[in-house]
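The structure file work-v6.csv is reproduced below (CSV, C-alpha atoms).
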chain,number,residue,atom,x,y,z
A,14,MET,CA,28.1,35.8,-117.4
A,15,ILE,CA,30.5,35.8,-114.3
A,16,SER,CA,33.4,33.6,-114.8
A,17,ARG,CA,34.8,31.1,-112.2
A,18,THR,CA,37.9,33.2,-111.8
A,19,THR,CA,35.9,36.3,-110.8
A,20,ILE,CA,34.1,34.3,-108.1
A,21,LEU,CA,37.3,33.0,-106.6
A,22,HIS,CA,38.8,36.5,-106.4
A,23,THR,CA,35.7,37.8,-104.7
A,24,LEU,CA,35.8,35.1,-102.0
A,25,ALA,CA,39.5,35.7,-101.4
A,26,LEU,CA,38.9,39.4,-100.9
A,27,ALA,CA,36.0,38.8,-98.5
A,28,THR,CA,38.1,36.5,-96.4
A,29,ALA,CA,40.9,39.1,-96.2
A,30,LEU,CA,38.5,41.8,-95.0
A,31,SER,CA,37.1,39.6,-92.2
A,32,LEU,CA,40.5,39.0,-90.8
A,33,VAL,CA,41.2,42.7,-90.7
A,34,ILE,CA,37.9,43.7,-89.0
A,35,VAL,CA,37.5,40.8,-86.4
A,36,PRO,CA,40.6,40.1,-84.2
A,37,PRO,CA,41.3,36.5,-83.1
A,38,ALA,CA,40.0,35.3,-79.7
A,39,ASP,CA,43.4,35.4,-78.1
A,40,ALA,CA,43.7,39.0,-79.1
A,41,GLN,CA,40.5,40.0,-77.3
A,42,GLN,CA,41.9,39.3,-73.8
A,43,PRO,CA,44.1,42.2,-72.7
A,44,ASN,CA,46.1,40.4,-70.0
A,45,PRO,CA,45.8,36.7,-70.1
A,46,LYS,CA,46.8,34.9,-66.9
A,47,PRO,CA,49.6,32.5,-67.2
A,48,LYS,CA,48.7,28.9,-66.6
A,49,THR,CA,50.2,27.3,-63.4
A,50,THR,CA,51.0,23.7,-63.2
A,51,LYS,CA,51.1,21.7,-60.0
A,52,PRO,CA,54.4,20.1,-59.1
A,53,ILE,CA,54.4,16.4,-59.3
A,54,THR,CA,55.3,14.8,-55.9
A,55,PRO,CA,57.2,11.5,-56.2
A,56,PRO,CA,55.6,8.6,-54.3
A,57,ALA,CA,57.0,8.0,-50.8
A,58,THR,CA,59.4,5.2,-50.5
A,59,PRO,CA,58.1,2.6,-48.0
A,60,ASN,CA,60.3,2.0,-44.9
A,61,SER,CA,59.4,-1.6,-44.5
A,62,GLU,CA,57.6,-4.5,-46.2
A,63,SER,CA,54.5,-3.9,-44.1
A,64,GLU,CA,54.1,-0.5,-45.7
A,65,VAL,CA,54.3,-1.8,-49.3
A,66,VAL,CA,50.9,-1.6,-50.9
A,67,ALA,CA,50.1,-4.0,-53.7
A,68,PRO,CA,49.1,-2.4,-56.9
A,69,PRO,CA,45.5,-2.8,-58.0
A,70,GLY,CA,44.8,-6.0,-59.7
A,71,ASP,CA,47.8,-7.8,-58.1
A,72,LEU,CA,46.3,-11.0,-56.7
A,73,THR,CA,49.5,-12.4,-55.3
A,74,THR,CA,49.8,-9.9,-52.4
A,75,PRO,CA,46.6,-9.0,-50.5
A,76,ALA,CA,46.0,-5.3,-49.7
A,77,ALA,CA,46.4,-4.3,-46.1
A,78,PRO,CA,43.0,-3.8,-44.4
A,79,ALA,CA,42.1,-0.2,-43.9
A,80,ALA,CA,42.3,0.9,-40.2
A,81,PRO,CA,38.8,1.3,-38.7
A,82,LYS,CA,37.8,4.8,-37.9
A,83,PRO,CA,37.7,5.5,-34.2
A,84,ALA,CA,34.1,5.6,-32.9
A,85,THR,CA,33.2,9.0,-31.6
A,86,ALA,CA,31.4,8.7,-28.2
A,87,ALA,CA,28.2,10.5,-27.8
A,88,PRO,CA,28.4,13.5,-25.6
A,89,PRO,CA,27.2,12.8,-22.0
A,90,ARG,CA,23.7,14.0,-21.3
A,91,ALA,CA,23.1,16.1,-18.3
A,92,PRO,CA,20.8,14.4,-15.7
A,93,VAL,CA,17.3,15.5,-15.9
A,94,PRO,CA,16.3,16.8,-12.5
A,95,VAL,CA,13.1,15.5,-11.0
A,96,PRO,CA,10.7,18.3,-10.3
A,97,PRO,CA,9.6,18.2,-6.7
A,98,VAL,CA,5.9,17.6,-6.1
A,99,TYR,CA,4.7,18.6,-2.7
A,100,VAL,CA,2.8,15.8,-0.9
A,101,ASP,CA,1.5,16.2,2.6
A,102,ASP,CA,2.9,13.2,4.4
A,103,THR,CA,0.7,13.8,7.4
A,104,LYS,CA,-2.5,13.5,5.3
A,105,ALA,CA,-1.0,10.5,3.5
A,106,TRP,CA,-0.3,8.9,7.0
A,107,GLU,CA,-3.8,9.5,8.1
A,108,ALA,CA,-5.3,8.2,4.9
A,109,ALA,CA,-3.4,4.9,5.3
A,110,ALA,CA,-4.5,4.4,8.9
A,111,PRO,CA,-6.2,1.0,9.5
A,112,PRO,CA,-9.9,0.9,10.4
A,113,LEU,CA,-11.0,1.1,14.0
A,114,GLY,CA,-10.8,-2.3,15.7
A,115,SER,CA,-8.1,-3.6,13.4
A,116,ASN,CA,-5.4,-5.8,14.8
A,117,SER,CA,-2.7,-4.5,12.5
A,118,TYR,CA,0.8,-4.5,13.9
A,119,THR,CA,2.1,-1.0,14.9
A,120,LEU,CA,5.8,-0.2,14.8
A,121,GLY,CA,7.5,0.7,18.1
A,122,THR,CA,10.8,1.0,19.9
A,123,GLY,CA,13.2,-1.8,19.1
A,124,ASP,CA,11.6,-3.0,15.9
A,125,VAL,CA,14.1,-3.6,13.1
A,126,VAL,CA,12.8,-2.8,9.6
A,127,ARG,CA,14.2,-3.2,6.1
A,128,ILE,CA,13.4,-0.4,3.6
A,129,SER,CA,13.7,-0.8,-0.2
A,130,VAL,CA,12.7,1.5,-3.1
A,131,PHE,CA,11.9,0.1,-6.5
A,132,GLN,CA,14.8,0.7,-9.0
A,133,GLN,CA,16.7,2.6,-6.3
A,134,PRO,CA,19.2,0.0,-4.9
A,135,ASP,CA,21.3,2.7,-3.2
A,136,MET,CA,18.4,3.6,-0.9
A,137,ALA,CA,18.0,0.1,0.5
A,138,THR,CA,18.7,0.1,4.2
A,139,GLU,CA,18.0,-1.8,7.4
A,140,THR,CA,17.4,0.3,10.5
A,141,ARG,CA,16.0,0.1,14.0
A,142,VAL,CA,13.1,2.2,15.4
A,143,SER,CA,14.6,4.5,18.0
A,144,GLU,CA,13.1,5.4,21.4
A,145,THR,CA,11.6,8.5,19.8
A,146,GLY,CA,9.8,6.3,17.2
A,147,ALA,CA,12.0,7.4,14.3
A,148,ILE,CA,14.1,5.6,11.7
A,149,THR,CA,17.0,6.9,9.7
A,150,ILE,CA,16.8,6.7,5.9
A,151,PRO,CA,19.4,7.8,3.2
A,152,LEU,CA,18.7,11.2,1.7
A,153,LEU,CA,15.8,11.8,4.1
A,154,GLY,CA,17.4,11.5,7.5
A,155,SER,CA,15.0,10.9,10.4
A,156,VAL,CA,11.5,9.9,9.6
A,157,ALA,CA,8.8,9.3,12.4
A,158,VAL,CA,7.1,5.9,12.0
A,159,GLY,CA,6.4,4.9,15.6
A,160,GLY,CA,2.8,4.1,16.4
A,161,GLY,CA,1.9,3.5,12.8
A,162,THR,CA,1.5,0.4,10.7
A,163,VAL,CA,3.9,-0.8,8.0
A,164,LYS,CA,1.5,0.7,5.3
A,165,GLN,CA,1.6,4.1,7.0
A,166,ALA,CA,5.4,4.0,7.1
A,167,GLU,CA,5.5,3.2,3.4
A,168,VAL,CA,3.3,6.1,2.3
A,169,ARG,CA,5.1,8.6,4.6
A,170,ILE,CA,8.5,7.7,3.2
A,171,ALA,CA,7.2,7.8,-0.4
A,172,ALA,CA,5.6,11.2,0.2
A,173,GLN,CA,8.9,12.7,1.5
A,174,LEU,CA,10.9,11.3,-1.4
A,175,ARG,CA,8.6,12.8,-3.9
A,176,SER,CA,8.2,16.2,-2.1
A,177,ARG,CA,12.0,16.6,-2.0
A,178,GLY,CA,12.5,15.7,-5.7
A,179,PHE,CA,14.6,12.6,-5.1
A,180,VAL,CA,12.3,10.1,-6.9
A,181,ARG,CA,9.5,10.9,-9.3
A,182,ASP,CA,7.1,8.1,-8.5
A,183,PRO,CA,8.6,6.2,-5.5
A,184,GLN,CA,7.4,2.7,-4.7
A,185,VAL,CA,8.5,2.0,-1.1
A,186,ASN,CA,8.4,-1.4,0.6
A,187,VAL,CA,8.9,-1.8,4.4
A,188,THR,CA,9.4,-5.2,6.0
A,189,VAL,CA,9.7,-5.9,9.7
A,190,MET,CA,12.7,-8.1,10.3
A,191,GLN,CA,12.6,-8.3,14.1
A,192,PHE,CA,9.6,-7.7,16.4
A,193,LYS,CA,10.9,-6.2,19.6
A,194,SER,CA,8.5,-3.5,20.7
A,195,LYS,CA,5.7,-5.6,22.1
A,196,GLN,CA,7.0,-7.9,24.9
A,197,ILE,CA,5.3,-10.1,27.3
A,198,SER,CA,6.5,-12.3,30.2
A,199,VAL,CA,5.7,-15.9,31.0
A,200,LEU,CA,6.8,-17.2,34.3
A,201,GLY,CA,6.4,-20.2,36.6
A,202,TYR,CA,6.0,-23.9,35.7
A,203,VAL,CA,6.4,-23.8,32.0
A,204,SER,CA,9.0,-25.4,29.7
A,205,ARG,CA,10.6,-22.2,28.6
A,206,PRO,CA,9.9,-19.2,30.9
A,207,GLY,CA,11.0,-15.8,29.7
A,208,ARG,CA,10.1,-12.8,27.6
A,209,PHE,CA,8.5,-13.2,24.2
A,210,ALA,CA,7.8,-10.8,21.4
A,211,LEU,CA,4.3,-10.5,19.9
A,212,GLU,CA,4.3,-10.4,16.1
A,213,GLU,CA,1.4,-9.6,13.7
A,214,GLY,CA,-2.0,-11.1,14.6
A,215,VAL,CA,-4.0,-11.8,17.7
A,216,TYR,CA,-2.5,-13.7,20.6
A,217,ARG,CA,-4.7,-15.4,23.2
A,218,LEU,CA,-3.6,-16.9,26.6
A,219,THR,CA,-3.4,-20.4,25.2
A,220,ASP,CA,-1.2,-19.1,22.3
A,221,VAL,CA,1.3,-17.6,24.7
A,222,LEU,CA,1.4,-20.8,26.8
A,223,ALA,CA,2.3,-22.6,23.6
A,224,LEU,CA,5.1,-20.1,22.9
A,225,ALA,CA,6.5,-21.0,26.3
A,226,GLY,CA,6.5,-24.7,25.5
A,227,GLY,CA,3.4,-25.5,27.5
A,228,ALA,CA,2.8,-26.1,31.2
A,229,LEU,CA,4.7,-28.7,33.2
A,230,GLY,CA,3.1,-31.7,34.7
A,231,ASP,CA,3.0,-30.3,38.2
A,232,SER,CA,1.6,-26.9,37.2
A,233,ALA,CA,-1.7,-25.6,38.4
A,234,ASP,CA,-4.8,-25.6,36.3
A,235,VAL,CA,-5.5,-22.0,37.0
A,236,VAL,CA,-3.2,-19.5,35.2
A,237,THR,CA,-2.9,-15.9,36.5
A,238,LEU,CA,-2.8,-13.0,34.1
A,239,VAL,CA,-1.5,-9.6,35.4
A,240,ARG,CA,-2.2,-6.5,33.3
A,241,VAL,CA,-1.4,-2.8,34.0
A,242,VAL,CA,-4.3,-0.5,33.1
A,243,ASP,CA,-4.0,3.3,33.8
A,244,GLY,CA,-1.1,2.6,36.1
A,245,LYS,CA,-3.0,0.0,38.2
A,246,SER,CA,-2.5,-3.7,38.1
A,247,GLN,CA,-5.4,-6.0,37.4
A,248,ARG,CA,-5.4,-9.7,38.0
A,249,TYR,CA,-7.3,-12.4,36.1
A,250,ASP,CA,-7.5,-16.1,36.9
A,251,VAL,CA,-8.2,-18.5,34.0
A,252,ASP,CA,-9.0,-22.2,34.5
A,253,VAL,CA,-7.4,-23.6,31.3
A,254,PRO,CA,-8.7,-27.2,31.6
A,255,ALA,CA,-12.2,-25.9,32.2
A,256,LEU,CA,-11.8,-23.7,29.1
A,257,PHE,CA,-11.2,-26.6,26.9
A,258,LYS,CA,-13.8,-28.8,28.5
A,259,SER,CA,-16.6,-26.3,28.0
A,260,GLY,CA,-15.5,-25.3,24.6
A,261,ASP,CA,-16.3,-21.6,25.4
A,262,PHE,CA,-13.2,-19.7,24.4
A,263,SER,CA,-14.8,-16.3,25.1
A,264,THR,CA,-13.0,-16.5,28.5
A,265,ASN,CA,-9.7,-17.0,26.7
A,266,PRO,CA,-8.3,-13.5,27.1
A,267,GLU,CA,-6.4,-11.6,24.4
A,268,ILE,CA,-2.8,-10.9,25.4
A,269,VAL,CA,-1.4,-7.4,24.8
A,270,SER,CA,2.0,-5.8,25.2
A,271,GLY,CA,3.2,-5.6,28.8
A,272,ASP,CA,1.1,-8.5,30.1
A,273,SER,CA,2.6,-11.0,32.6
A,274,ILE,CA,1.4,-14.6,32.8
A,275,TYR,CA,2.2,-16.7,35.8
A,276,VAL,CA,1.7,-20.5,36.0
A,277,ALA,CA,1.8,-21.6,39.6
A,278,ARG,CA,2.6,-25.0,40.9
A,279,ALA,CA,-0.4,-27.2,41.5
A,280,PRO,CA,-1.6,-27.5,45.1
A,281,THR,CA,-0.3,-30.6,46.9
A,282,PHE,CA,-1.0,-32.7,50.0
A,283,TYR,CA,1.2,-35.0,52.1
A,284,ILE,CA,0.5,-38.5,53.3
A,285,TYR,CA,2.7,-40.6,55.5
A,286,GLY,CA,2.4,-43.4,58.1
A,287,GLU,CA,1.1,-46.8,57.4
A,288,VAL,CA,0.7,-46.4,53.6
A,289,ASN,CA,2.5,-48.3,50.9
A,290,ARG,CA,3.8,-45.1,49.0
A,291,PRO,CA,4.1,-42.1,51.4
A,292,GLY,CA,5.0,-38.8,49.9
A,293,VAL,CA,3.7,-35.6,48.2
A,294,TYR,CA,0.9,-35.8,45.7
A,295,ARG,CA,-0.9,-33.4,43.4
A,296,LEU,CA,-4.3,-32.2,44.8
A,297,GLU,CA,-7.0,-32.9,42.3
A,298,LYS,CA,-10.3,-31.1,42.3
A,299,ASP,CA,-12.8,-32.5,44.8
A,300,LEU,CA,-10.4,-35.1,46.1
A,301,THR,CA,-11.6,-37.1,49.1
A,302,LEU,CA,-9.7,-38.8,51.9
A,303,MET,CA,-10.3,-42.3,50.5
A,304,GLN,CA,-9.0,-41.2,47.1
A,305,ALA,CA,-6.0,-39.7,48.7
A,306,LEU,CA,-5.2,-43.0,50.5
A,307,SER,CA,-5.5,-44.9,47.2
A,308,MET,CA,-3.0,-42.5,45.6
A,309,GLY,CA,-0.6,-43.4,48.4
A,310,GLY,CA,-0.9,-47.1,47.5
A,311,GLY,CA,-3.5,-47.9,50.2
A,312,ILE,CA,-3.1,-48.8,53.9
A,313,THR,CA,-0.6,-51.4,54.9
A,314,LEU,CA,-1.4,-54.6,56.8
A,315,ARG,CA,-0.3,-52.9,60.0
A,316,GLY,CA,-2.3,-49.7,59.5
A,317,THR,CA,-5.9,-48.9,60.2
A,318,GLU,CA,-8.4,-46.6,58.6
A,319,LYS,CA,-9.7,-45.6,62.0
A,320,ASN,CA,-8.6,-42.4,63.7
A,321,ILE,CA,-6.8,-41.0,60.6
A,322,GLN,CA,-5.3,-37.7,61.5
A,323,ILE,CA,-5.4,-34.6,59.3
A,324,ARG,CA,-3.2,-31.7,60.1
A,325,ARG,CA,-4.4,-28.5,58.4
A,326,ARG,CA,-3.5,-24.8,58.4
A,327,ASP,CA,-6.3,-22.4,59.1
A,328,ALA,CA,-6.8,-18.8,57.9
A,329,THR,CA,-4.5,-17.4,60.6
A,330,GLY,CA,-1.6,-19.7,59.6
A,331,LYS,CA,-1.9,-22.0,62.6
A,332,TYR,CA,-2.0,-25.8,62.3
A,333,THR,CA,-4.9,-27.8,63.7
A,334,THR,CA,-5.2,-31.6,64.0
A,335,ALA,CA,-8.4,-33.4,63.6
A,336,SER,CA,-9.7,-36.9,62.8
A,337,GLY,CA,-10.8,-37.4,59.3
A,338,ALA,CA,-13.5,-39.6,57.8
A,339,LEU,CA,-13.0,-41.3,54.4
A,340,THR,CA,-15.5,-39.0,52.8
A,341,ASP,CA,-13.9,-35.8,53.9
A,342,SER,CA,-12.5,-33.5,51.3
A,343,VAL,CA,-8.7,-33.0,51.2
A,344,GLN,CA,-7.4,-29.4,51.0
A,345,SER,CA,-4.2,-27.9,49.8
A,346,ASN,CA,-1.2,-28.6,52.1
A,347,ASP,CA,-3.0,-31.1,54.2
A,348,VAL,CA,-0.9,-33.6,56.0
A,349,ILE,CA,-2.5,-37.0,56.4
A,350,PHE,CA,-1.2,-39.5,59.0
A,351,VAL,CA,-2.3,-43.1,59.0
A,352,ARG,CA,-1.8,-44.8,62.4
A,353,GLU,CA,-0.7,-48.3,63.2
A,354,SER,CA,-3.3,-50.7,64.3
A,355,LEU,CA,-3.1,-51.8,67.9
A,356,PHE,CA,-4.5,-55.3,67.2

As structure tokens, please, write out the structure in this file.
Amino acid sequence: MISRTTILHTLALATALSLVIVPPADAQQPNPKPKTTKPITPPATPNSESEVVAPPGDLTTPAAPAAPKPATAAPPRAPVPVPPVYVDDTKAWEAAAPPLGSNSYTLGTGDVVRISVFQQPDMATETRVSETGAITIPLLGSVAVGGGTVKQAEVRIAAQLRSRGFVRDPQVNVTVMQFKSKQISVLGYVSRPGRFALEEGVYRLTDVLALAGGALGDSADVVTLVRVVDGKSQRYDVDVPALFKSGDFSTNPEIVSGDSIYVARAPTFYIYGEVNRPGVYRLEKDLTLMQALSMGGGITLRGTEKNIQIRRRDATGKYTTASGALTDSVQSNDVIFVRESLF
């Protein structure tokens, strides 16, 4: 039986052998690297009270707010060029033409137009149609619009903006500010004679007379219209009162650019002698000698209705004198003389 002493000697011997055969962990590394320690940097001494930072948990002195970080601006984006899309402005012009017989206003020399492009305020401009029928637009230069309507001018400008790559989908608006290309003349016995511009729409002879303020009281009933057709002047006489009496306005001519309207003075006759109101009077239609005497206030007590003299100019321009009856018709520029009664 193994004694306790023998067991203890055996364990001690085994422990000694293990120490000789297996070296310690430190002995297995041939060249152990020395450990380096970082130097301890003392805290910086604050230069002022504003730099003192309260320790954490100190409720008496609030901590200074942290400075905001500067916002970094996004890098600028390069403008995206608009790819040009070729559009034939001539075909667009023809497609926007008004139907035949339309009374749409056509642009001409002297008209002042305002041009604007949607969301393009730098392209807004106001320009005048030149003698060649062209207008000047920013980026495009000269654009021919003469002889076309406002709609045709809009589609032509839009087509050129898109073809040159300035605007992807241009929406152009053209407005006529001053109408100057279509002028007419109104002369004679009207309230405001002069030249007038025709705007959009249809103008008749009566409309033009209204523009001139209407005819005066001593104006003639017949108005003369002069129009140049193929280099030749054509004359039209229109009886305005008869136009309204009949209600047939088909004889009320349409006025076009270049027309001249003349309102003459009404024909007159003269009466003097033994009448109460001698003077010059307007010659009404189908006026008789008796009606003419009544317009002059009638014959005085010393006058007589017998042997009333009428002095009249014939076709050759010579004056002839003849006795007139009370039922005779009075003509333009007649001179009526009422004699004094002998008894």

Notebook entry, point to check: Near Gly161 (chain A), within 10 Å and counting all atoms listed in the file, which residues show up once chain neighbours fewer than 3 positions away are dropped, as a list in words?
Noted result: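 Once the adjacent positions are removed, what remains is Trp106, Glu107, Ala109, Ala110, Pro111, Ser117, Tyr118, Thr119, Leu120, Gly121, Gly146, Ala157, Val158, Lys164, Gln165 and Ala166 of chain A.
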
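Minimum atom-to-atom distance to Arg326 (chain A), evaluated using all atoms listed in the file, belongs to A:Asp347 out of A:Asp102, A:Asp182, A:Asp234, A:Asp347.
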
Notebook entry, point to check: By how many Å are CA of Val215 (chain A) and CA of Val156 (chain A) apart?
Noted result: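 Answer for the CA of Val215 (chain A) to CA of Val156 (chain A) separation: 27.9 Å.
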
Margin query: Between CA of Ala225 (chain A) and CA of Gly244 (chain A), what distance in Å does the model show, to one decimal?
Written below: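 CA of Gly244 (chain A) lies 26.7 Å from CA of Ala225 (chain A).
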
Check: Any idea what's packed within 10 Å of Ile284 (chain A), counting all atoms listed in the file, ignoring anything in its chain fewer than 3 positions away? Could you give it as number ranges by chain?
Finding: A: 287-288, 290-294, 305-306, 308-309, 323, 347-351

Write the residues you've just listed into a file as a PDB file, in the frame of the given file, and include C-alpha atoms for each of them.
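again02.pdb, freshly written:
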ATOM      1  CA  GLU A 287       1.100 -46.800  57.400  1.00  0.00           C
ATOM      2  CA  VAL A 288       0.700 -46.400  53.600  1.00  0.00           C
ATOM      3  CA  ARG A 290       3.800 -45.100  49.000  1.00  0.00           C
ATOM      4  CA  PRO A 291       4.100 -42.100  51.400  1.00  0.00           C
ATOM      5  CA  GLY A 292       5.000 -38.800  49.900  1.00  0.00           C
ATOM      6  CA  VAL A 293       3.700 -35.600  48.200  1.00  0.00           C
ATOM      7  CA  TYR A 294       0.900 -35.800  45.700  1.00  0.00           C
ATOM      8  CA  ALA A 305      -6.000 -39.700  48.700  1.00  0.00           C
ATOM      9  CA  LEU A 306      -5.200 -43.000  50.500  1.00  0.00           C
ATOM     10  CA  MET A 308      -3.000 -42.500  45.600  1.00  0.00           C
ATOM     11  CA  GLY A 309      -0.600 -43.400  48.400  1.00  0.00           C
ATOM     12  CA  ILE A 323      -5.400 -34.600  59.300  1.00  0.00           C
ATOM     13  CA  ASP A 347      -3.000 -31.100  54.200  1.00  0.00           C
ATOM     14  CA  VAL A 348      -0.900 -33.600  56.000  1.00  0.00           C
ATOM     15  CA  ILE A 349      -2.500 -37.000  56.400  1.00  0.00           C
ATOM     16  CA  PHE A 350      -1.200 -39.500  59.000  1.00  0.00           C
ATOM     17  CA  VAL A 351      -2.300 -43.100  59.000  1.00  0.00           C
TER      18      VAL A 351
END

Around all the atoms of region 333-338 of chain A listed in the file, draw an axis-aligned box and extend it by 8 Å on each of the six sides; I want its centre and edge lengths in Å to one decimal, as lines of an AutoDock Vina configuration file.
center_x = -9.2
center_y = -33.7
center_z = 60.9
size_x = 24.6
size_y = 27.8
size_z = 22.2

Notebook entry, point to check: From the list A:Ile150, A:Ala279, A:Ala228, A:Val126, which residue is nearest Leu296 (chain A) when using only C-alpha atoms?
Noted result: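 Among A:Ile150, A:Ala279, A:Ala228, A:Val126, it is A:Ala279 that comes nearest to Leu296 (chain A).
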
Hey, which bits of region 235-292 of chain A sit within 6 Å of region 190-212 of chain A, and for each residue what's the closest pair of atoms and how far apart in Å (one decimal), counting all atoms listed in the file, rows by chain and increasing number, as CSV?
residue,atom,partner,partner_atom,distance
A:Ser270,CA,A:Lys195,CA,4.8
A:Gly271,CA,A:Ile197,CA,5.2
A:Asp272,CA,A:Ile197,CA,5.3
A:Ser273,CA,A:Ser198,CA,4.8
A:Ile274,CA,A:Val199,CA,4.8
A:Tyr275,CA,A:Leu200,CA,4.9
A:Val276,CA,A:Gly201,CA,4.7
A:Ala277,CA,A:Gly201,CA,5.7

Note to self: Please report the interatomic distance between CA of Asp327 (chain A) and CA of Asp341 (chain A) in Å with one decimal.
What the structure shows: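 One can read the CA of Asp327 (chain A) to CA of Asp341 (chain A) distance as 16.3 Å.
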
Next item on the list: Might you pull out every residue within 9 Å of Ser354 (chain A), with only C-alpha atoms counted and same-chain residues fewer than 4 positions away left off, and present them as a PyMOL selection string?
Entry: chain A and resi 314-319

Write a file of the selected residues as a PDB file, in the frame of the given file, keeping C-alpha atoms.
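Output file selection29.pdb follows:
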ATOM      1  CA  LEU A 314      -1.400 -54.600  56.800  1.00  0.00           C
ATOM      2  CA  ARG A 315      -0.300 -52.900  60.000  1.00  0.00           C
ATOM      3  CA  GLY A 316      -2.300 -49.700  59.500  1.00  0.00           C
ATOM      4  CA  THR A 317      -5.900 -48.900  60.200  1.00  0.00           C
ATOM      5  CA  GLU A 318      -8.400 -46.600  58.600  1.00  0.00           C
ATOM      6  CA  LYS A 319      -9.700 -45.600  62.000  1.00  0.00           C
TER       7      LYS A 319
END

Next item on the list: Show which residues sit within 12 Å of Glu267 (chain A), as a PyMOL selection string. Count only C-alpha atoms, and ignore same-chain residues fewer than 2 positions away.
Entry: chain A and resi 116+211+214-221+238+240+249+251+262-265+269-270+272+274

Check: Residues at most 8 Å from Ala171 (chain A), counting all atoms listed in the file, excluding those fewer than 5 positions away in the same chain, as an MDAnalysis selection string?
Finding: chainID A and resid 183:185

Next item on the list: Using all atoms listed in the file, pick whichever of A:Ala223, A:Val163, A:Leu256, A:Ala338 has the shortest atom-to-atom distance to Asn320 (chain A).
Entry: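 Nearest to Asn320 (chain A): A:Ala338.
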
Next item on the list: Would you please work out which residue, of A:Gly160, A:Leu152, A:Leu224, A:Arg295, is nearest to Asp135 (chain A) when using only C-alpha atoms?
Entry: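 The closest residue to Asp135 (chain A) is A:Leu152.
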
Item checked: Residue among A:Leu174, A:Val187, A:Asp250, A:Asp261 lying closest to Val125 (chain A), counting all atoms listed in the file ->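 Selected residue with least distance to Val125 (chain A): A:Val187.
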
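The nearest approach to Leu222 (chain A) among the residues A:Gly260, A:Val242, A:Ile268, A:Tyr285, with all atoms listed in the file taken into account, belongs to A:Ile268.
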
Notebook entry, point to check: Taking (6.5, 21.4, -7.0) in the file's coordinates, which residues come within 10 Å, counting all atoms listed in the file, written as a list in words?
Noted result: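 I get Val95, Pro96, Pro97, Val98, Tyr99, Val100, Arg175, Ser176, Arg177 and Gly178 of chain A for the residues within 10 Å of that point.
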